[in-house]
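Trainee: Got my_file-v8.txt for you, compact mmCIF, C-alpha atoms and all ligand atoms:
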# COMPACT_ATOMS: atom_id res chain seq x y z
CA MET W 1 0.00 0.00 0.00
CA ASP W 2 1.41 3.40 -0.98
CA PRO W 3 1.89 5.71 2.00
CA ALA W 4 -0.34 8.79 1.86
CA VAL W 5 2.69 11.07 2.12
CA LYS W 6 6.23 10.32 0.92
CA TYR W 7 9.22 12.35 2.13
CA THR W 8 12.37 12.53 0.00
CA LEU W 9 15.51 14.05 1.51
CA ILE W 10 17.05 16.09 -1.36
CA LYS W 11 20.10 17.64 0.33
CA LYS W 12 21.66 18.18 3.75
CA GLU W 13 23.08 21.63 4.49
CA LYS W 14 26.85 21.27 4.91
CA HIS W 15 27.33 22.99 8.29
CA THR W 16 24.06 22.27 10.17
CA GLY W 17 21.33 19.63 10.61
CA ALA W 18 19.13 21.43 8.07
CA ARG W 19 17.55 19.38 5.24
CA LEU W 20 16.01 20.30 1.92
CA GLY W 21 13.20 17.85 1.13
CA LEU W 22 10.14 17.06 -0.95
CA LEU W 23 6.83 16.04 0.62
CA GLU W 24 4.51 14.21 -1.78
CA THR W 25 0.84 14.32 -0.73
CA PRO W 26 -2.45 13.42 -2.50
CA HIS W 27 -2.84 17.19 -3.10
CA GLY W 28 0.58 17.98 -4.50
CA THR W 29 4.30 17.75 -3.87
CA PHE W 30 5.79 20.51 -1.76
CA GLU W 31 9.30 21.63 -0.76
CA THR W 32 10.45 21.52 2.82
CA PRO W 33 11.33 23.19 5.14
CA MET W 34 7.88 24.82 5.02
CA PHE W 35 5.73 27.12 7.11
CA MET W 36 2.03 26.15 7.27
CA PRO W 37 -0.55 28.95 7.76
CA VAL W 38 -3.19 28.13 10.37
CA GLY W 39 -6.87 28.18 9.49
CA THR W 40 -8.66 27.21 12.70
CA GLU W 41 -12.30 27.46 11.55
CA ALA W 42 -11.70 26.17 8.01
CA THR W 43 -10.37 29.52 6.87
CA VAL W 44 -7.01 31.22 7.26
CA LYS W 45 -8.47 34.35 8.84
CA ASN W 46 -8.80 37.32 6.46
CA MET W 47 -7.28 35.37 3.56
CA SER W 48 -8.91 33.85 0.47
CA PRO W 49 -7.61 30.56 -0.98
CA GLU W 50 -6.59 32.51 -4.10
CA ASP W 51 -4.46 34.88 -2.03
CA LEU W 52 -2.95 31.93 -0.11
CA GLU W 53 -2.04 30.34 -3.44
CA LYS W 54 -0.50 33.63 -4.67
CA ILE W 55 1.81 33.96 -1.66
CA GLY W 56 3.00 30.35 -2.01
CA ALA W 57 1.18 28.52 0.79
CA SER W 58 1.40 24.74 0.26
CA ILE W 59 -0.12 23.07 3.32
CA ILE W 60 -2.56 24.89 5.63
CA LEU W 61 -3.94 23.78 8.98
CA SER W 62 -7.46 23.31 10.17
CA ASN W 63 -8.64 22.23 13.55
CA THR W 64 -10.39 19.06 14.66
CA TYR W 65 -11.55 20.50 17.98
CA HIS W 66 -13.17 23.58 16.46
CA LEU W 67 -14.73 21.88 13.41
CA TRP W 68 -16.11 19.03 15.50
CA LEU W 69 -17.91 21.49 17.78
CA ARG W 70 -18.87 23.84 14.91
CA PRO W 71 -20.20 23.16 12.23
CA GLY W 72 -19.70 19.43 12.99
CA GLU W 73 -17.52 17.02 11.02
CA ASP W 74 -20.66 15.43 9.54
CA ILE W 75 -21.42 18.64 7.60
CA VAL W 76 -17.83 18.88 6.31
CA LYS W 77 -17.99 15.21 5.30
CA GLU W 78 -21.30 15.77 3.46
CA ALA W 79 -19.67 18.71 1.64
CA GLY W 80 -17.08 16.25 0.32
CA GLY W 81 -14.41 16.94 2.93
CA LEU W 82 -12.35 19.99 3.93
CA HIS W 83 -10.72 20.61 0.52
CA LYS W 84 -14.12 20.95 -1.12
CA PHE W 85 -15.75 22.72 1.85
CA MET W 86 -13.13 25.51 1.93
CA ASN W 87 -12.16 25.40 -1.76
CA TRP W 88 -8.48 24.70 -1.05
CA ASN W 89 -6.85 22.24 -3.46
CA LYS W 90 -3.37 21.95 -1.95
CA GLY W 91 -2.36 20.32 1.34
CA ILE W 92 -4.42 20.31 4.52
CA LEU W 93 -3.22 19.14 7.95
CA THR W 94 -5.43 18.82 11.03
CA ASP W 95 -4.32 18.77 14.63
CA SER W 96 -6.04 16.14 16.82
CA GLY W 97 -7.76 18.57 19.17
CA GLY W 98 -5.83 17.56 22.29
CA PHE W 99 -3.89 20.79 22.51
CA GLN W 100 -7.01 22.87 21.94
CA VAL W 101 -8.86 21.03 24.72
CA PHE W 102 -6.00 21.82 27.11
CA SER W 103 -5.74 25.44 25.99
CA LEU W 104 -9.42 26.31 25.39
CA ALA W 105 -11.73 24.12 27.46
CA LYS W 106 -12.79 25.44 30.85
CA THR W 107 -12.43 22.21 32.75
CA ARG W 108 -10.84 18.97 31.64
CA ASP W 109 -10.15 15.58 33.15
CA ILE W 110 -7.66 13.21 31.55
CA THR W 111 -8.32 9.49 31.92
CA GLU W 112 -6.89 6.41 30.18
CA ALA W 113 -10.03 6.40 27.99
CA GLY W 114 -9.57 10.00 26.80
CA VAL W 115 -10.19 13.58 27.90
CA HIS W 116 -13.44 14.89 29.42
CA PHE W 117 -14.00 18.65 29.10
CA ARG W 118 -16.58 21.40 28.87
CA ASN W 119 -17.37 22.70 25.38
CA HIS W 120 -16.07 26.30 25.33
CA LEU W 121 -19.02 27.36 23.13
CA ASN W 122 -21.98 26.08 25.17
CA GLY W 123 -20.53 24.70 28.40
CA ARG W 124 -21.78 21.16 27.62
CA ARG W 125 -19.69 18.20 28.83
CA GLU W 126 -17.80 16.54 25.97
CA PHE W 127 -15.47 13.54 25.68
CA LEU W 128 -12.62 13.11 23.19
CA SER W 129 -10.91 9.73 22.89
CA PRO W 130 -8.06 8.71 20.56
CA GLU W 131 -10.61 6.82 18.46
CA LYS W 132 -13.05 9.77 18.37
CA ALA W 133 -10.30 12.17 17.25
CA ILE W 134 -9.33 9.80 14.41
CA GLN W 135 -12.98 9.41 13.35
CA ILE W 136 -13.40 13.20 13.19
CA GLU W 137 -10.16 13.63 11.20
CA ASN W 138 -11.09 10.78 8.84
CA ASP W 139 -14.43 12.55 8.22
CA LEU W 140 -12.79 15.98 7.73
CA GLY W 141 -10.50 14.43 5.11
CA PRO W 142 -7.12 16.23 5.52
CA ASP W 143 -3.97 14.87 3.84
CA ILE W 144 -2.13 14.76 7.17
CA MET W 145 -3.70 14.17 10.57
CA MET W 146 -2.44 13.99 14.15
CA SER W 147 -2.87 11.37 16.86
CA LEU W 148 -4.59 12.48 20.05
CA ASP W 149 -1.89 13.37 22.54
CA GLU W 150 -1.48 15.16 25.84
CA CYS W 151 0.63 18.32 25.60
CA PRO W 152 1.73 18.52 29.25
CA PRO W 153 3.03 21.70 30.97
CA PHE W 154 6.77 22.00 30.24
CA PHE W 155 7.70 22.42 33.90
CA GLU W 156 5.80 19.43 35.29
CA SER W 157 7.52 16.74 37.42
CA TYR W 158 9.48 13.86 35.85
CA ASP W 159 6.92 11.31 37.09
CA TYR W 160 4.00 13.29 35.66
CA ILE W 161 5.70 13.63 32.26
CA LYS W 162 6.68 9.93 32.26
CA ASP W 163 3.06 8.86 32.88
CA SER W 164 1.85 11.33 30.26
CA VAL W 165 4.35 10.12 27.62
CA GLU W 166 3.36 6.49 28.19
CA ARG W 167 -0.34 7.32 27.89
CA THR W 168 0.28 9.38 24.71
CA SER W 169 2.09 6.33 23.24
CA ARG W 170 -0.86 4.06 24.13
CA TRP W 171 -3.24 6.63 22.60
CA ALA W 172 -1.11 6.72 19.42
CA GLU W 173 -1.38 2.93 19.12
CA ARG W 174 -5.18 3.14 19.56
CA GLY W 175 -5.35 5.90 16.93
CA LEU W 176 -3.41 3.81 14.41
CA ARG W 177 -5.90 0.94 14.90
CA ALA W 178 -8.92 3.24 14.50
CA HIS W 179 -7.57 4.98 11.34
CA ARG W 180 -9.86 4.16 8.39
CA ASN W 181 -7.95 5.70 5.44
CA PRO W 182 -4.18 5.15 5.90
CA ASP W 183 -3.58 5.07 2.14
CA TRP W 184 -4.77 8.66 1.53
CA GLN W 185 -4.54 10.27 4.95
CA ALA W 186 -1.15 10.22 6.70
CA LEU W 187 -1.38 9.87 10.49
CA PHE W 188 1.58 11.40 12.36
CA GLY W 189 2.68 10.39 15.86
CA ILE W 190 3.46 13.23 18.28
CA VAL W 191 6.63 13.00 20.39
CA GLN W 192 6.29 14.29 23.93
CA GLY W 193 8.55 14.24 26.99
CA ALA W 194 8.89 17.93 27.96
CA GLY W 195 12.56 18.73 28.68
CA PHE W 196 13.65 15.21 29.75
CA GLU W 197 16.03 13.58 27.24
CA ASP W 198 15.29 10.00 28.31
CA LEU W 199 11.51 10.57 28.08
CA ARG W 200 11.82 12.22 24.65
CA LYS W 201 13.88 9.17 23.60
CA GLN W 202 11.28 6.76 25.01
CA SER W 203 8.44 8.65 23.31
CA ALA W 204 10.25 8.74 19.94
CA GLN W 205 11.21 5.05 20.13
CA ASP W 206 7.63 4.04 21.03
CA LEU W 207 6.25 5.94 18.02
CA VAL W 208 9.00 4.92 15.57
CA SER W 209 8.28 1.27 16.46
CA MET W 210 4.69 1.91 15.23
CA ASP W 211 6.14 3.12 11.89
CA PHE W 212 4.19 6.37 11.35
CA PRO W 213 4.65 8.13 7.95
CA GLY W 214 5.74 11.29 9.79
CA TYR W 215 6.45 12.58 13.29
CA SER W 216 5.51 15.76 15.16
CA ILE W 217 7.51 17.15 18.04
CA GLY W 218 4.95 18.40 20.57
CA GLY W 219 5.09 19.80 24.07
CA LEU W 220 7.16 22.82 22.99
CA SER W 221 6.44 26.50 22.46
CA VAL W 222 4.36 26.35 25.65
CA GLY W 223 6.20 28.97 27.70
CA GLU W 224 9.73 27.52 27.86
CA SER W 225 12.59 29.75 26.70
CA LYS W 226 13.84 29.62 23.09
CA GLU W 227 17.14 28.26 24.43
CA GLU W 228 15.28 25.43 26.20
CA MET W 229 13.26 24.67 23.06
CA ASN W 230 16.43 24.56 20.95
CA HIS W 231 18.13 22.31 23.53
CA VAL W 232 15.21 19.85 23.44
CA LEU W 233 15.34 19.84 19.63
CA ASP W 234 19.11 19.22 19.71
CA PHE W 235 18.58 15.82 21.33
CA THR W 236 15.06 14.93 20.10
CA ALA W 237 15.29 15.32 16.29
CA PRO W 238 18.11 12.71 16.00
CA PHE W 239 15.80 10.11 17.62
CA LEU W 240 13.56 10.38 14.54
CA PRO W 241 14.20 8.63 11.19
CA GLU W 242 15.94 10.76 8.54
CA ASN W 243 13.60 9.58 5.78
CA LYS W 244 10.41 10.81 7.44
CA PRO W 245 9.12 14.41 7.83
CA ARG W 246 9.52 16.17 11.20
CA TYR W 247 6.88 18.73 12.22
CA LEU W 248 7.51 21.14 15.11
CA MET W 249 4.10 22.19 16.42
CA GLY W 250 3.17 25.77 17.20
CA VAL W 251 6.40 27.47 16.14
CA GLY W 252 6.46 30.46 13.98
CA SER W 253 8.69 33.49 14.71
CA ALA W 254 11.52 34.04 12.19
CA ASP W 255 14.28 33.23 14.69
CA SER W 256 12.58 30.04 15.95
CA LEU W 257 11.87 28.86 12.40
CA ILE W 258 15.52 29.22 11.40
CA ASP W 259 16.77 27.59 14.61
CA GLY W 260 14.30 24.72 14.12
CA VAL W 261 15.44 24.16 10.52
CA ILE W 262 19.08 24.12 11.68
CA ARG W 263 18.12 21.27 14.06
CA GLY W 264 16.48 19.17 11.33
CA ILE W 265 12.82 20.29 11.41
CA ASP W 266 10.89 20.23 8.10
CA MET W 267 7.40 21.59 8.93
CA PHE W 268 6.13 24.38 11.19
CA ASP W 269 2.78 25.97 12.05
CA CYS W 270 1.87 29.00 14.12
CA VAL W 271 -1.10 31.33 14.56
CA LEU W 272 1.30 34.26 15.19
CA PRO W 273 1.37 35.95 11.74
CA THR W 274 -2.42 36.21 11.41
CA ARG W 275 -3.05 36.72 15.13
CA ILE W 276 -0.74 39.74 15.53
CA ALA W 277 -1.95 41.08 12.15
CA ARG W 278 -5.43 41.49 13.63
CA ASN W 279 -4.14 44.10 16.05
CA GLY W 280 -2.01 45.79 13.41
CA THR W 281 1.39 44.33 14.27
CA CYS W 282 3.50 43.53 11.20
CA MET W 283 6.61 41.41 10.74
CA THR W 284 9.28 43.30 8.78
CA THR W 285 12.96 42.89 7.92
CA LYS W 286 13.66 45.63 10.45
CA GLY W 287 11.71 44.00 13.27
CA ARG W 288 8.09 44.33 14.30
CA LEU W 289 6.10 47.39 13.22
CA VAL W 290 2.88 48.35 15.06
CA VAL W 291 1.19 50.18 12.23
CA LYS W 292 -1.57 51.60 14.51
CA ASN W 293 1.09 53.79 16.09
CA ALA W 294 0.50 57.56 15.61
CA LYS W 295 4.00 58.01 14.20
CA TYR W 296 2.85 56.33 10.97
CA ALA W 297 -0.07 58.76 10.38
CA ARG W 298 1.84 60.53 7.58
CA ASP W 299 4.27 57.73 6.74
CA PHE W 300 3.62 56.89 3.08
CA ARG W 301 6.31 54.19 2.85
CA PRO W 302 5.33 50.50 2.55
CA LEU W 303 5.14 48.32 5.68
CA ASP W 304 8.55 46.91 4.75
CA GLU W 305 10.80 48.65 2.20
CA ASN W 306 12.57 45.32 1.53
CA CYS W 307 9.33 43.44 0.82
CA ASP W 308 7.99 42.90 -2.72
CA CYS W 309 4.56 41.58 -1.72
CA TYR W 310 1.32 42.92 -3.21
CA VAL W 311 0.61 44.92 -0.02
CA CYS W 312 4.05 46.55 0.12
CA ARG W 313 3.87 47.41 -3.59
CA ASN W 314 0.44 49.09 -3.38
CA TYR W 315 -0.35 50.43 0.09
CA SER W 316 1.29 52.75 2.63
CA ARG W 317 1.70 52.57 6.40
CA ALA W 318 -0.55 55.65 6.66
CA TYR W 319 -3.36 53.99 4.72
CA ILE W 320 -3.13 50.67 6.59
CA ARG W 321 -2.92 52.52 9.94
CA HIS W 322 -6.11 54.41 8.99
CA LEU W 323 -7.95 51.18 8.07
CA ILE W 324 -6.91 49.40 11.28
CA ASN W 325 -7.97 52.37 13.42
CA ALA W 326 -11.28 52.53 11.55
CA ASN W 327 -11.76 48.77 12.20
CA GLU W 328 -11.97 48.26 8.44
CA LEU W 329 -11.65 44.53 7.66
CA PHE W 330 -9.55 45.35 4.60
CA GLY W 331 -6.90 46.62 7.02
CA THR W 332 -6.49 43.25 8.72
CA HIS W 333 -6.60 41.56 5.31
CA LEU W 334 -3.55 43.63 4.27
CA THR W 335 -1.59 43.02 7.50
CA SER W 336 -2.42 39.27 7.45
CA TYR W 337 -1.44 39.00 3.77
CA HIS W 338 1.90 40.72 4.41
CA ASN W 339 2.76 38.73 7.57
CA LEU W 340 2.05 35.39 5.90
CA TYR W 341 4.00 36.44 2.80
CA PHE W 342 6.87 37.47 5.11
CA LEU W 343 7.15 34.01 6.74
CA LEU W 344 6.59 32.07 3.50
CA LYS W 345 9.28 34.20 1.80
CA LEU W 346 11.61 33.65 4.79
CA MET W 347 11.22 29.87 4.34
CA ALA W 348 11.91 30.20 0.59
CA ASP W 349 15.14 32.06 1.51
CA VAL W 350 15.94 29.35 4.08
CA ARG W 351 15.52 26.63 1.43
CA GLN W 352 17.82 28.58 -0.91
CA SER W 353 20.44 28.94 1.84
CA ILE W 354 20.34 25.14 2.31
CA ARG W 355 21.02 24.74 -1.43
CA ASP W 356 23.89 27.26 -1.13
CA ASP W 357 25.23 25.81 2.19
CA ASN W 358 25.16 29.26 3.83
CA LEU W 359 22.28 28.89 6.31
CA LEU W 360 24.42 30.10 9.24
CA GLU W 361 25.32 33.30 7.38
CA PHE W 362 21.62 33.78 6.56
CA ARG W 363 20.80 33.24 10.28
CA GLU W 364 23.33 35.92 11.25
CA HIS W 365 21.83 38.35 8.70
CA VAL W 366 18.28 37.75 9.96
CA PHE W 367 19.20 37.93 13.66
CA GLU W 368 21.17 41.16 13.11
CA GLU W 369 18.79 42.93 10.72
CA TYR W 370 15.47 41.80 12.21
CA GLY W 371 16.58 42.74 15.70
CA PHE W 372 16.72 39.30 17.36
CA ASN W 373 20.24 39.91 18.66
CA LYS W 374 19.05 42.86 20.77
CA LYS W 375 19.43 41.75 24.39
C1 LIG B 1 1.71 27.62 20.11
N1 LIG B 1 2.48 26.56 20.71
C2 LIG B 1 2.11 25.28 20.54
N2 LIG B 1 1.09 24.88 19.74
C3 LIG B 1 1.03 23.53 19.90
C4 LIG B 1 0.13 22.62 19.34
C5 LIG B 1 -0.92 23.11 18.37
C6 LIG B 1 -0.26 23.38 17.03
N3 LIG B 1 -1.11 24.23 16.20
C7 LIG B 1 -2.24 23.51 15.69
C8 LIG B 1 -3.38 24.37 15.27
C9 LIG B 1 -4.15 23.89 14.25
C10 LIG B 1 -5.22 24.65 13.81
C11 LIG B 1 -5.55 25.84 14.42
C12 LIG B 1 -4.75 26.32 15.47
C13 LIG B 1 -3.65 25.57 15.90
C14 LIG B 1 0.24 21.25 19.73
N4 LIG B 1 -0.65 20.34 19.23
C15 LIG B 1 -0.60 19.07 19.68
N5 LIG B 1 -1.47 18.17 19.22
N6 LIG B 1 0.34 18.64 20.58
C16 LIG B 1 1.28 19.48 21.08
O1 LIG B 1 2.12 19.05 21.90
C17 LIG B 1 1.25 20.86 20.66
C18 LIG B 1 2.17 21.79 21.17
C19 LIG B 1 2.03 23.14 20.80
N7 LIG B 1 2.70 24.25 21.18
Just give me the structure as structure tokens.
Mentor:
Amino acid sequence: MDPAVKYTLIKKEKHTGARLGLLETPHGTFETPMFMPVGTEATVKNMSPEDLEKIGASIILSNTYHLWLRPGEDIVKEAGGLHKFMNWNKGILTDSGGFQVFSLAKTRDITEAGVHFRNHLNGRREFLSPEKAIQIENDLGPDIMMSLDECPPFFESYDYIKDSVERTSRWAERGLRAHRNPDWQALFGIVQGAGFEDLRKQSAQDLVSMDFPGYSIGGLSVGESKEEMNHVLDFTAPFLPENKPRYLMGVGSADSLIDGVIRGIDMFDCVLPTRIARNGTCMTTKGRLVVKNAKYARDFRPLDENCDCYVCRNYSRAYIRHLINANELFGTHLTSYHNLYFLLKLMADVRQSIRDDNLLEFREHVFEEYGFNKK
């Protein structure tokens, strides 16, 4: 049986753990490393599929937890699945809902069977099991789907994390058994273990023994420092097979993307670019720019003078500031468009620097210019 996704390692960067790869999916073949825009409610907020295509998005995310509760996976299934429902013909990846339960639900209770919680929309008691998550994702129809996992607090005790890792491995096994469409939907296992090297190793070995088509590294970008995240990646990525894709969940600032690529990560997602865009904060090659700020009232330059995106070629800071202050939706469309273009362009530059074996020089340029070196 052909795997639903096939990863091909094209080239290793000479001085780091970075890899240039190709990810073949039922909805196209895409280059890695890649950034994946997040579309929680079956839309990347303020962006049309045509605009996403224009800026080079390849795989976008949607969310099991949200779509299960609203409109219901049955409606998406009746529509012919997520691609049809949202008119997106490239890659779609869904998270399993575990993280959203822990971050959104008011109360939750984790048992061996699954997680009990209160629906954040209507307060009703709900239950999500590994099997239920897989059934929802099978019905939503993404190209890549996640096992149900527990994303524990990073600073929990060793014993708590050990129990959590072992349960997440048992849940992954149950998810694999419940998966109905392994030949056109790739189920990824999610490695946990917080900051403990032996537990990350145990988690990775458990999942690799189940032979998933790809692996996510979870439990990070949850409040630990960037140094701690990078240290965990230093010892976790090598536990994963070279010929499978590695997806670091919830990571999306320019510095963290580059540092993740250097440590062998191929796929990233983060709500950051569209979330900060909604309050008028823009990512630029000179650092962050809060376009609502009064100092831009008569600034007729583009958001970023080094950016060649549609927004930077046609609109000024003064105009975008006015729209954001007037709560005009077109304003947040322009800031979202630019921020997503910025990260997708950054990843295109990262892929080029892997081809040219100068990723560390590119990192230095970004950290210096974009202001990450400021202490
Ligand atoms: C922000 N930091 C962070 N995010 C994490 C996520 C969610 C990743 N984003 C998925 C998403 C999909 C659609 C809409 C919105 C978000 C995780 N997901 C799982 N399953 N497990 C994790 O350990 C885990 C850890 C994370 N850390």
Trainee: Throw together the list of residues within 8 Å of ligand LIG 1 (chain B), counting only C-alpha atoms and all ligand atoms, and drop it here as JSON, numbers by chain.
Mentor: {"W": [38, 39, 40, 41, 61, 62, 63, 64, 93, 94, 95, 96, 97, 98, 99, 100, 146, 147, 148, 149, 150, 151, 152, 190, 191, 192, 217, 218, 219, 220, 221, 222, 249, 250, 251, 269, 270, 271]}
Trainee: Determine, counting only C-alpha atoms, which protein, DNA and RNA residues have an atom within 10 Å of an atom of Phe372 of chain W; residues of the same chain fewer than 2 positions away are not included. Present the result as a list in words.
Mentor: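 The residues satisfying every condition are Ala254, Asp255, Lys286, Gly287, Glu364, Val366, Phe367, Glu368, Glu369, Tyr370, Lys374 and Lys375 of chain W.
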Trainee: Just C-alpha atoms for this one: save the residues we selected as a PDB file, in the frame of the given file.
Mentor:
ATOM      1  CA  ALA W 254      11.520  34.040  12.190  1.00  0.00           C
ATOM      2  CA  ASP W 255      14.280  33.230  14.690  1.00  0.00           C
ATOM      3  CA  LYS W 286      13.660  45.630  10.450  1.00  0.00           C
ATOM      4  CA  GLY W 287      11.710  44.000  13.270  1.00  0.00           C
ATOM      5  CA  GLU W 364      23.330  35.920  11.250  1.00  0.00           C
ATOM      6  CA  VAL W 366      18.280  37.750   9.960  1.00  0.00           C
ATOM      7  CA  PHE W 367      19.200  37.930  13.660  1.00  0.00           C
ATOM      8  CA  GLU W 368      21.170  41.160  13.110  1.00  0.00           C
ATOM      9  CA  GLU W 369      18.790  42.930  10.720  1.00  0.00           C
ATOM     10  CA  TYR W 370      15.470  41.800  12.210  1.00  0.00           C
ATOM     11  CA  LYS W 374      19.050  42.860  20.770  1.00  0.00           C
ATOM     12  CA  LYS W 375      19.430  41.750  24.390  1.00  0.00           C
TER      13      LYS W 375
END
Trainee: Calculate how many Å separate atom CA of Thr168 of chain W from atom CA of Gly17 of chain W, rounding to one decimal.
Mentor: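 Going from atom CA of Thr168 of chain W over to atom CA of Gly17 of chain W covers 27.3 Å.
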Trainee: Within 8 Å of Asn339 of chain W, counting all atoms listed in the file, which residues qualify if same-chain residues fewer than 2 places away don't, as number ranges by chain?
Mentor: W: 273-274, 277, 282-283, 335-337, 341-343
Trainee: So, with all atoms listed in the file as the atoms that count, which of W:Arg125, W:His338, W:Arg355, W:Lys6 lies closest to Leu23 of chain W?
Mentor: W:Lys6
Trainee: Nearest to Ser316 of chain W: which of W:Asp304, W:Glu137, W:Asp109, W:Asp159 is it, counting only C-alpha atoms?
Mentor: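 Checking each candidate against Ser316 of chain W, we get W:Asp304 as the closest.
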Trainee: What's around segment 89-91 of chain W at 6 Å? Count only C-alpha atoms, leave out sequence neighbours fewer than 5 positions away in its own chain, and write the answer as a VMD selection string.
Mentor: chain W and resid 27 58 to 59 83
Trainee: Calculated over all atoms listed in the file, which of the candidates W:Asn279, W:Asn46, W:Ser256, W:Ser203 has the smallest distance to Glu227 of chain W?
Mentor: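 Comparing W:Asn279, W:Asn46, W:Ser256, W:Ser203 against Glu227 of chain W, the winner is W:Ser256.
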Trainee: Please report as a Markdown table every residue of segment 158-225 of chain W lying within 7 Å of segment 230-248 of chain W, along with the nearest atom pair and their distance in Å (one decimal), using all atoms listed in the file.
Mentor:
| residue | atom | partner | partner_atom | distance |
| --- | --- | --- | --- | --- |
| W:Gly195 | CA | W:Val232 | CA | 6.0 |
| W:Glu197 | CA | W:Phe235 | CA | 6.8 |
| W:Arg200 | CA | W:Thr236 | CA | 6.2 |
| W:Lys201 | CA | W:Phe239 | CA | 6.4 |
| W:Ala204 | CA | W:Phe239 | CA | 6.2 |
| W:Pro213 | CA | W:Lys244 | CA | 6.4 |
| W:Gly214 | CA | W:Pro245 | CA | 5.0 |
| W:Tyr215 | CA | W:Arg246 | CA | 5.2 |
| W:Ser216 | CA | W:Tyr247 | CA | 4.4 |
| W:Ile217 | CA | W:Leu248 | CA | 5.0 |
| W:Gly218 | CA | W:Leu248 | CA | 6.6 |
Trainee: Have a look at atom CA of Leu359 of chain W and atom CA of Met36 of chain W and let me know their distance in Å, one decimal.
Mentor: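 Atom-to-atom, atom CA of Leu359 of chain W to atom CA of Met36 of chain W, that is 20.5 Å.
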Trainee: Which one is closest to Val76 of chain W: W:Thr284, W:Asn138, W:Ser103, W:Ser169? Count only C-alpha atoms.
Mentor: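 Of all the options, W:Asn138 lies closest to Val76 of chain W.
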Trainee: Looking at all atoms listed in the file, which of W:Glu13, W:Arg363, W:Gln352, W:Leu121 is the one that sits closest to Pro71 of chain W?
Mentor: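 Result for the nearest residue to Pro71 of chain W: W:Leu121.
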Trainee: Extract, using only C-alpha atoms, all DNA, RNA and protein residues at most 9 Å from Lys162 of chain W, discarding same-chain residues fewer than 5 positions from it, and format them as an mmCIF file with C-alpha atoms, in the coordinates of the input.
Mentor:
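Dumped everything to around_32.cif:
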data_model
loop_
_atom_site.group_PDB
_atom_site.id
_atom_site.type_symbol
_atom_site.label_atom_id
_atom_site.label_comp_id
_atom_site.auth_asym_id
_atom_site.auth_seq_id
_atom_site.Cartn_x
_atom_site.Cartn_y
_atom_site.Cartn_z
ATOM 1 C CA SER W 157 7.520 16.740 37.420
ATOM 2 C CA ARG W 167 -0.340 7.320 27.890
ATOM 3 C CA GLY W 193 8.550 14.240 26.990
ATOM 4 C CA LEU W 199 11.510 10.570 28.080
#
Trainee: Measuring between only C-alpha atoms, which one of W:Ala294, W:Ile60, W:Ala194, W:Ile265 shows the shortest distance to Tyr160 of chain W?
Mentor: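 For Tyr160 of chain W, the nearest of the given residues is W:Ala194.
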Trainee: One number please: atom CA of Val101 of chain W to atom CA of Leu69 of chain W, in Å, one decimal.
Mentor: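 So the answer is 11.4 Å.
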Trainee: Give as JSON, numbers by chain each residue that has an atom at most 6 Å from (-1.3, 11.5, 1.8) in the file, counting only C-alpha atoms.
Mentor: {"W": [4, 5, 25, 26, 143, 184, 185, 186]}
Trainee: Any chance you can output those residues with C-alpha atoms as a CSV table (one decimal), in the frame of the given file?
Mentor:
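Writing done, so here's again.csv:
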chain,number,residue,atom,x,y,z
W,4,ALA,CA,-0.3,8.8,1.9
W,5,VAL,CA,2.7,11.1,2.1
W,25,THR,CA,0.8,14.3,-0.7
W,26,PRO,CA,-2.4,13.4,-2.5
W,143,ASP,CA,-4.0,14.9,3.8
W,184,TRP,CA,-4.8,8.7,1.5
W,185,GLN,CA,-4.5,10.3,5.0
W,186,ALA,CA,-1.2,10.2,6.7
